[in-house]
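File shown here: start.tsv, holding TSV, C-alpha atoms and all ligand atoms.
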```
chain	number	residue	atom	x	y	z
A	1	MET	CA	110.34	86.32	153.86
A	2	THR	CA	109.56	82.60	153.58
A	3	PRO	CA	111.22	80.70	156.46
A	4	ALA	CA	113.92	78.25	155.32
A	5	GLU	CA	112.07	75.37	157.00
A	6	VAL	CA	109.05	75.99	154.73
A	7	ILE	CA	111.22	76.12	151.60
A	8	TRP	CA	112.99	72.85	152.43
A	9	HIS	CA	109.72	71.17	153.38
A	10	ASP	CA	108.17	72.16	150.04
A	11	ILE	CA	111.25	71.05	148.07
A	12	GLU	CA	111.55	67.69	149.84
A	13	CYS	CA	107.84	66.75	150.26
A	14	GLY	CA	105.81	69.02	147.97
A	15	ALA	CA	106.18	67.14	144.67
A	16	TYR	CA	104.98	63.76	145.99
A	17	GLU	CA	101.57	62.85	144.51
A	18	GLU	CA	101.44	59.06	144.45
A	19	ASP	CA	99.48	58.80	147.71
A	20	LEU	CA	96.81	61.41	146.90
A	21	PRO	CA	94.38	58.99	145.15
A	22	LEU	CA	94.27	56.84	148.31
A	23	TRP	CA	93.58	59.76	150.69
A	24	ARG	CA	90.91	61.08	148.32
A	25	MET	CA	89.27	57.66	148.16
A	26	LEU	CA	89.31	57.27	151.97
A	27	ALA	CA	87.87	60.78	152.37
A	28	ARG	CA	84.99	59.92	150.02
A	29	GLU	CA	84.41	56.58	151.77
A	30	HIS	CA	84.57	57.72	155.41
A	31	GLY	CA	83.44	61.33	155.09
A	32	ASP	CA	84.14	64.34	157.29
A	33	PRO	CA	85.52	65.68	159.47
A	34	ILE	CA	89.09	64.67	158.62
A	35	LEU	CA	92.20	65.13	160.76
A	36	GLU	CA	95.64	65.10	159.11
A	37	ILE	CA	98.52	64.45	161.51
A	38	GLY	CA	101.94	65.89	160.56
A	39	ALA	CA	100.32	68.03	157.85
A	40	GLY	CA	103.36	70.24	157.15
A	41	THR	CA	102.55	72.92	154.57
A	42	GLY	CA	99.41	71.03	153.56
A	43	ARG	CA	100.19	68.94	150.50
A	44	VAL	CA	97.41	66.51	151.50
A	45	SER	CA	95.14	68.78	153.59
A	46	LEU	CA	94.90	71.44	150.85
A	47	ASP	CA	94.12	68.78	148.27
A	48	LEU	CA	91.23	67.45	150.38
A	49	VAL	CA	89.91	70.91	151.31
A	50	GLY	CA	89.95	71.74	147.59
A	51	ARG	CA	87.62	68.78	147.10
A	52	GLY	CA	85.14	70.17	149.61
A	53	HIS	CA	86.19	68.24	152.73
A	54	ASP	CA	86.20	69.58	156.29
A	55	VAL	CA	89.86	69.18	157.31
A	56	THR	CA	91.89	69.98	160.42
A	57	ALA	CA	95.67	69.98	159.86
A	58	LEU	CA	97.83	69.25	162.91
A	59	ASP	CA	101.62	69.62	163.08
A	60	SER	CA	104.15	70.33	165.83
A	61	ASP	CA	105.99	72.85	163.59
A	62	ALA	CA	104.36	76.26	163.98
A	63	GLU	CA	106.22	77.77	160.99
A	64	LEU	CA	104.90	75.13	158.61
A	65	LEU	CA	101.33	75.56	159.88
A	66	THR	CA	101.53	79.37	159.67
A	67	GLU	CA	102.43	78.97	156.00
A	68	LEU	CA	99.62	76.44	155.55
A	69	ALA	CA	97.11	78.87	157.10
A	70	VAL	CA	98.20	81.52	154.55
A	71	ARG	CA	97.81	79.05	151.66
A	72	ALA	CA	94.42	77.96	152.99
A	73	ALA	CA	93.04	81.52	153.36
A	74	GLY	CA	89.43	81.65	152.22
A	75	THR	CA	88.88	77.91	152.76
A	76	THR	CA	87.38	76.06	155.74
A	77	LEU	CA	90.72	74.44	156.70
A	78	GLN	CA	91.58	74.60	160.40
A	79	THR	CA	95.11	74.24	161.77
A	80	ALA	CA	96.31	73.02	165.16
A	81	VAL	CA	99.90	73.37	166.39
A	82	ALA	CA	100.36	70.36	168.67
A	83	ASP	CA	102.47	67.30	169.25
A	84	ALA	CA	100.90	64.16	167.77
A	85	ARG	CA	101.60	62.37	171.06
A	86	SER	CA	99.71	64.80	173.30
A	87	PHE	CA	96.92	66.72	171.64
A	88	THR	CA	93.39	67.62	172.69
A	89	LEU	CA	91.23	69.22	170.02
A	90	GLY	CA	87.81	68.93	171.71
A	91	ARG	CA	86.41	67.39	168.53
A	92	ARG	CA	86.14	63.92	166.98
A	93	PHE	CA	86.85	62.88	163.40
A	94	ALA	CA	85.54	60.30	160.92
A	95	LEU	CA	89.02	59.88	159.40
A	96	CYS	CA	92.53	60.48	160.71
A	97	LEU	CA	95.35	60.42	158.12
A	98	VAL	CA	99.07	60.11	158.77
A	99	PRO	CA	100.72	60.41	155.32
A	100	MET	CA	104.37	60.13	154.28
A	101	GLN	CA	105.67	57.99	157.15
A	102	ALA	CA	105.10	60.78	159.70
A	103	ILE	CA	104.15	58.09	162.25
A	104	GLN	CA	107.78	56.89	162.05
A	105	LEU	CA	108.89	60.30	163.37
A	106	PHE	CA	107.02	60.09	166.68
A	107	GLY	CA	109.72	58.08	168.48
A	108	ALA	CA	109.77	54.37	169.25
A	109	VAL	CA	107.01	52.23	170.74
A	110	GLU	CA	106.13	54.64	173.61
A	111	GLY	CA	105.82	57.59	171.21
A	112	ARG	CA	103.56	55.63	168.88
A	113	ALA	CA	101.48	54.34	171.80
A	114	ALA	CA	100.92	57.91	173.02
A	115	PHE	CA	99.93	58.97	169.50
A	116	LEU	CA	97.58	56.00	169.05
A	117	ARG	CA	95.81	56.78	172.36
A	118	CYS	CA	95.36	60.43	171.30
A	119	ALA	CA	94.12	59.43	167.84
A	120	ARG	CA	91.70	56.86	169.34
A	121	ALA	CA	90.25	59.54	171.63
A	122	HIS	CA	89.65	61.80	168.60
A	123	LEU	CA	87.87	59.24	166.39
A	124	LEU	CA	84.10	59.07	166.05
A	125	PRO	CA	82.50	55.63	166.54
A	126	GLY	CA	83.29	53.73	163.31
A	127	GLY	CA	86.04	56.24	162.49
A	128	VAL	CA	89.29	55.12	160.81
A	129	LEU	CA	92.97	55.92	161.26
A	130	ALA	CA	95.17	55.38	158.17
A	131	ALA	CA	98.96	55.59	158.54
A	132	ALA	CA	101.54	55.17	155.75
A	133	LEU	CA	104.60	53.14	156.71
A	134	THR	CA	107.91	52.44	155.02
A	135	GLU	CA	108.88	49.04	156.30
A	136	VAL	CA	112.05	48.51	154.33
A	137	VAL	CA	114.34	51.18	152.96
A	138	GLU	CA	117.32	50.11	150.94
A	139	ALA	CA	120.49	51.43	152.56
A	140	TYR	CA	122.99	53.27	150.33
A	141	ALA	CA	125.55	56.03	150.51
A	142	VAL	CA	126.64	58.18	147.58
A	143	VAL	CA	130.08	59.73	147.27
A	144	ASP	CA	131.08	62.42	144.81
A	145	GLY	CA	133.37	60.69	142.34
A	146	ALA	CA	135.89	61.99	139.83
A	147	ARG	CA	133.13	61.91	137.19
A	148	GLY	CA	130.69	63.89	139.30
A	149	TRP	CA	127.59	63.16	141.29
A	150	ALA	CA	126.37	59.56	141.00
A	151	GLY	CA	123.37	59.63	143.34
A	152	PRO	CA	119.69	60.56	142.98
A	153	LEU	CA	119.01	63.88	141.27
A	154	PRO	CA	118.55	66.83	143.63
A	155	ASP	CA	115.20	68.51	144.24
A	156	ILE	CA	115.73	72.12	143.17
A	157	ARG	CA	113.80	75.38	143.50
A	158	GLU	CA	114.62	79.02	142.73
A	159	LEU	CA	113.08	81.70	144.91
A	160	ASP	CA	113.86	85.43	144.53
A	161	GLY	CA	117.10	84.67	142.69
A	162	VAL	CA	118.28	82.18	145.31
A	163	VAL	CA	118.66	78.53	144.28
A	164	TYR	CA	117.86	75.80	146.82
A	165	ALA	CA	118.90	72.22	146.07
A	166	SER	CA	118.40	69.21	148.28
A	167	ARG	CA	119.99	65.89	147.35
A	168	PRO	CA	119.62	62.58	149.12
A	169	THR	CA	123.12	61.31	149.96
A	170	ALA	CA	122.54	58.24	152.14
A	171	VAL	CA	120.07	55.97	153.83
A	172	ARG	CA	121.74	54.19	156.75
A	173	ASP	CA	120.33	51.16	158.48
A	174	GLU	CA	120.97	51.86	162.18
A	175	GLY	CA	118.90	48.98	163.54
A	176	GLU	CA	115.95	50.64	165.32
A	177	VAL	CA	116.01	53.56	162.88
A	178	PHE	CA	116.82	54.37	159.28
A	179	LEU	CA	118.88	57.56	159.00
A	180	ILE	CA	118.03	59.51	155.88
A	181	GLU	CA	120.75	62.01	154.97
A	182	ARG	CA	120.52	64.94	152.58
A	183	LEU	CA	122.80	67.77	151.52
A	184	ARG	CA	121.00	71.08	151.36
A	185	GLU	CA	122.73	73.72	149.20
A	186	ILE	CA	121.84	77.37	148.83
A	187	VAL	CA	123.39	79.51	146.07
A	188	ASP	CA	122.50	83.19	146.35
A	189	ALA	CA	122.25	85.77	143.56
A	190	HIS	CA	125.99	86.59	144.01
A	191	GLY	CA	127.00	82.96	143.59
A	192	ARG	CA	127.76	82.46	147.30
A	193	ARG	CA	127.24	78.84	148.23
A	194	GLU	CA	126.20	77.42	151.59
A	195	VAL	CA	125.95	73.70	152.28
A	196	GLN	CA	124.12	72.15	155.23
A	197	GLU	CA	123.77	68.51	156.21
A	198	ASN	CA	120.30	67.31	157.15
A	199	ARG	CA	119.43	64.03	158.87
A	200	VAL	CA	116.03	62.50	159.60
A	201	ALA	CA	115.62	59.35	161.71
A	202	LEU	CA	112.72	57.11	160.66
A	203	GLN	CA	111.74	54.52	163.29
A	204	ARG	CA	111.62	50.98	161.95
A	205	VAL	CA	108.18	49.47	162.56
A	206	SER	CA	106.31	46.80	160.60
A	207	ALA	CA	102.63	46.96	159.68
A	208	ALA	CA	101.96	43.94	161.92
A	209	GLU	CA	103.67	45.66	164.89
A	210	LEU	CA	101.69	48.85	164.34
A	211	GLU	CA	98.48	46.81	164.18
A	212	ARG	CA	99.36	45.15	167.52
A	213	GLU	CA	100.07	48.58	169.01
A	214	GLY	CA	96.75	49.79	167.61
A	215	ARG	CA	94.89	46.94	169.35
A	216	ARG	CA	96.51	47.92	172.65
A	217	ALA	CA	95.12	51.45	172.12
A	218	GLY	CA	91.61	50.07	171.52
A	219	LEU	CA	91.71	50.14	167.71
A	220	ARG	CA	90.78	47.28	165.37
A	221	PRO	CA	93.02	46.41	162.38
A	222	LEU	CA	91.24	46.64	159.01
A	223	PRO	CA	92.53	45.50	155.59
A	224	ARG	CA	95.71	47.36	154.67
A	225	ALA	CA	96.24	49.51	151.55
A	226	ARG	CA	99.37	50.10	149.46
A	227	ILE	CA	100.92	53.12	147.84
A	228	PRO	CA	103.15	52.10	144.91
A	229	ALA	CA	106.81	53.15	144.68
A	230	THR	CA	107.83	55.76	142.09
A	231	ALA	CA	111.23	56.47	140.56
A	232	ASP	CA	111.85	59.02	143.34
A	233	TYR	CA	109.92	57.65	146.34
A	234	VAL	CA	109.70	54.30	148.08
A	235	GLY	CA	106.29	52.60	148.27
A	236	SER	CA	104.25	52.45	151.50
A	237	GLU	CA	102.08	49.98	153.31
A	238	VAL	CA	99.09	51.80	154.80
A	239	VAL	CA	97.89	50.44	158.12
A	240	MET	CA	94.17	50.99	158.70
A	241	LEU	CA	92.78	50.91	162.24
A	242	GLY	CA	89.09	51.24	163.09
A	243	ALA	CA	87.59	52.77	166.24
B	301	LIG	C1	107.31	63.96	156.04
B	301	LIG	S1	106.46	65.38	156.62
B	301	LIG	C2	104.86	65.08	155.92
B	301	LIG	C3	104.11	66.34	155.61
B	301	LIG	C4	102.76	66.15	154.95
B	301	LIG	N1	101.88	65.26	155.70
B	301	LIG	C5	102.92	65.57	153.56
B	301	LIG	O1	102.58	64.40	153.39
B	301	LIG	O2	103.38	66.29	152.68
B	301	LIG	C6	106.22	64.98	158.34
B	301	LIG	C7	105.57	66.06	159.16
B	301	LIG	O3	105.37	65.55	160.48
B	301	LIG	C8	105.58	66.60	161.40
B	301	LIG	N2	105.89	66.00	162.72
B	301	LIG	C9	107.02	65.33	163.08
B	301	LIG	N3	106.93	64.95	164.37
B	301	LIG	C10	105.73	65.38	164.82
B	301	LIG	C11	105.06	65.28	166.07
B	301	LIG	N4	105.62	64.67	167.11
B	301	LIG	N5	103.84	65.84	166.19
B	301	LIG	C12	103.24	66.48	165.12
B	301	LIG	N6	103.84	66.59	163.92
B	301	LIG	C13	105.06	66.05	163.77
B	301	LIG	C14	106.73	67.40	160.81
B	301	LIG	O4	106.77	68.72	161.32
B	301	LIG	C15	106.39	67.33	159.31
B	301	LIG	O5	105.63	68.43	158.92
```
Represent the structure from my file as structure tokens, please.
Ligand SMILES: C[S@@+](CC[C@H](N)C(=O)[O-])C[C@H]1O[C@@H](n2cnc3c(N)ncnc32)[C@H](O)[C@@H]1O
Amino acid sequence: MTPAEVIWHDIECGAYEEDLPLWRMLAREHGDPILEIGAGTGRVSLDLVGRGHDVTALDSDAELLTELAVRAAGTTLQTAVADARSFTLGRRFALCLVPMQAIQLFGAVEGRAAFLRCARAHLLPGGVLAAALTEVVEAYAVVDGARGWAGPLPDIRELDGVVYASRPTAVRDEGEVFLIERLREIVDAHGRREVQENRVALQRVSAAELEREGRRAGLRPLPRARIPATADYVGSEVVMLGA
């Protein structure tokens, strides 16, 4: 049976495509091998492997990577279960990608510093680290009104007769972090309904701050890139740091 964590990850991250052209372009420009940090079930890694790249996908969540290994069967993709702040792969990479604001999940300045040191140690000379950042997220909170749901539409999937729906309910500005809140609902084949609250804390960090932190880890800031916003996803500034 598919673990719930995999289902929610696919529902909440799997449909995002706006950043793929940038990762593909960087992969062509910088070549292999490529390391994706916080790869999840492989939205980006599988796309790059499908284009012939040599990719290692790292994530701290073993369930997500087990699922990724199944999806990558028959390809050259390698997986590594490890924390982004303390990993040793015994290999260096031409390109290290951190898509979808994963770098904002590694804790505050000390967490990012530990990650940047690890990433620096895994880059080949001339190698590049590219990390997508959400600098500003508009705070909001949705309440169910008399006329029904007024917030963003839920992401929905049906699997073996069970319906999974995840709807964003609030983004709260908590100073150092943005709290992103979702309601996850499961309706089984008998109509039984289960509702869970889910919260993710995204560290607030600007591109300029991350570049300063990169310098302290021995990396050199390069021109930034941008990923445009879509109707469903905020845009990102992509910090590029060279070894
Ligand atoms: C927003 S998801 C992005 C998944 C994938 N890169 C994508 O773009 O679809 C963030 C991922 O980072 C992983 N993650 C969070 N903290 C981590 C850490 N300290 N070390 C490694 N991975 C981490 C999570 O398990 C999750 O799979």
* Within 8 Å of ligand LIG 301 (chain B), counting all atoms listed in the file, residues as a PyMOL selection string -> chain A and resi 9+13-14+16+36-45+58-61+64+81-85+98-103+105-107
* Separation of CA of Ala119 in chain A from CA of Thr76 in chain A in Å ->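 Between CA of Thr76 in chain A and CA of Ala119 in chain A the gap works out to 21.6 Å.
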* **Coordinates-based distance that separates CA of Arg120 in chain A from CA of Leu89 in chain A (Å, one decimal)** =>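 Taking CA of Leu89 in chain A as the start and CA of Arg120 in chain A as the end point, the length is 12.4 Å.
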* Smallest atom-to-atom distance to His30 in chain A: which of A:Phe93, A:Tyr233, A:Phe115, A:Trp8, using only C-alpha atoms? ->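 Smallest separation from His30 in chain A among the options: A:Phe93.
Nearest to Arg28 in chain A of all the residues A:Leu95, A:Ala170, A:Ala225, A:Ala108 is A:Leu95, counting all atoms listed in the file.
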* For CA of Tyr164 in chain A and CA of Trp23 in chain A, quote the distance in Å rounded to one decimal. => 29.4 Å
* Any idea what's packed within 7 Å of range 132-142 of chain A, counting all atoms listed in the file, ignoring anything in its chain fewer than 4 positions away? Could you give it as a ChimeraX atom specification? -> /A:98-101,150-151,169-173,204-206,235-239
* **Shell around range 216-221 of chain A at 9 Å using all atoms listed in the file, local window under 5 positions removed, as a list in words** => Ala113, Ala114, Leu116, Arg117, Arg120, Val128, Leu129, Glu211, Val239, Met240, Leu241, Gly242 and Ala243 of chain A
* To do: For each of A:Val162, A:Ile156, A:Ala57, A:Leu123, take the minimum atom-to-atom distance to Ala189 in chain A, counting all atoms listed in the file, then give the residue where this is smallest.
  =>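 Between A:Val162, A:Ile156, A:Ala57, A:Leu123, the residue approaching Ala189 in chain A most closely is A:Val162.
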* Name the closest residue to Pro168 in chain A among the candidates A:Arg199, A:Leu65, A:Ala231, A:Gly191; distances are taken between atoms, counting only C-alpha atoms. =>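 Closest to Pro168 in chain A, using only C-alpha atoms: A:Arg199.
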* Quick one: of A:His53, A:Arg167, A:Arg91, A:Arg192, who's nearest to Glu12 in chain A, counting all atoms listed in the file? ->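 Counting all atoms listed in the file, the residue closest to Glu12 in chain A is A:Arg167.
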* Give me the residues within 8 Å of Asp155 in chain A as a PyMOL selection string, counting all atoms listed in the file and dropping any in the same chain fewer than 2 places off. => chain A and resi 11-12+153+157+165-167
* Structure fact -> Shortest contact to Leu183 in chain A, candidates A:Gly161, A:Gly90, A:Gly31, A:Pro154, atoms counted all atoms listed in the file, goes to A:Pro154
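All residues of protein, DNA or RNA that reach within 10 Å of Asp32 in chain A, judged by only C-alpha atoms and not counting those fewer than 5 positions away in the chain, are Ala27, Gly52, His53, Asp54, Val55, Arg92, Phe93, Ala94, Leu95, Cys96 and Gly127 of chain A.
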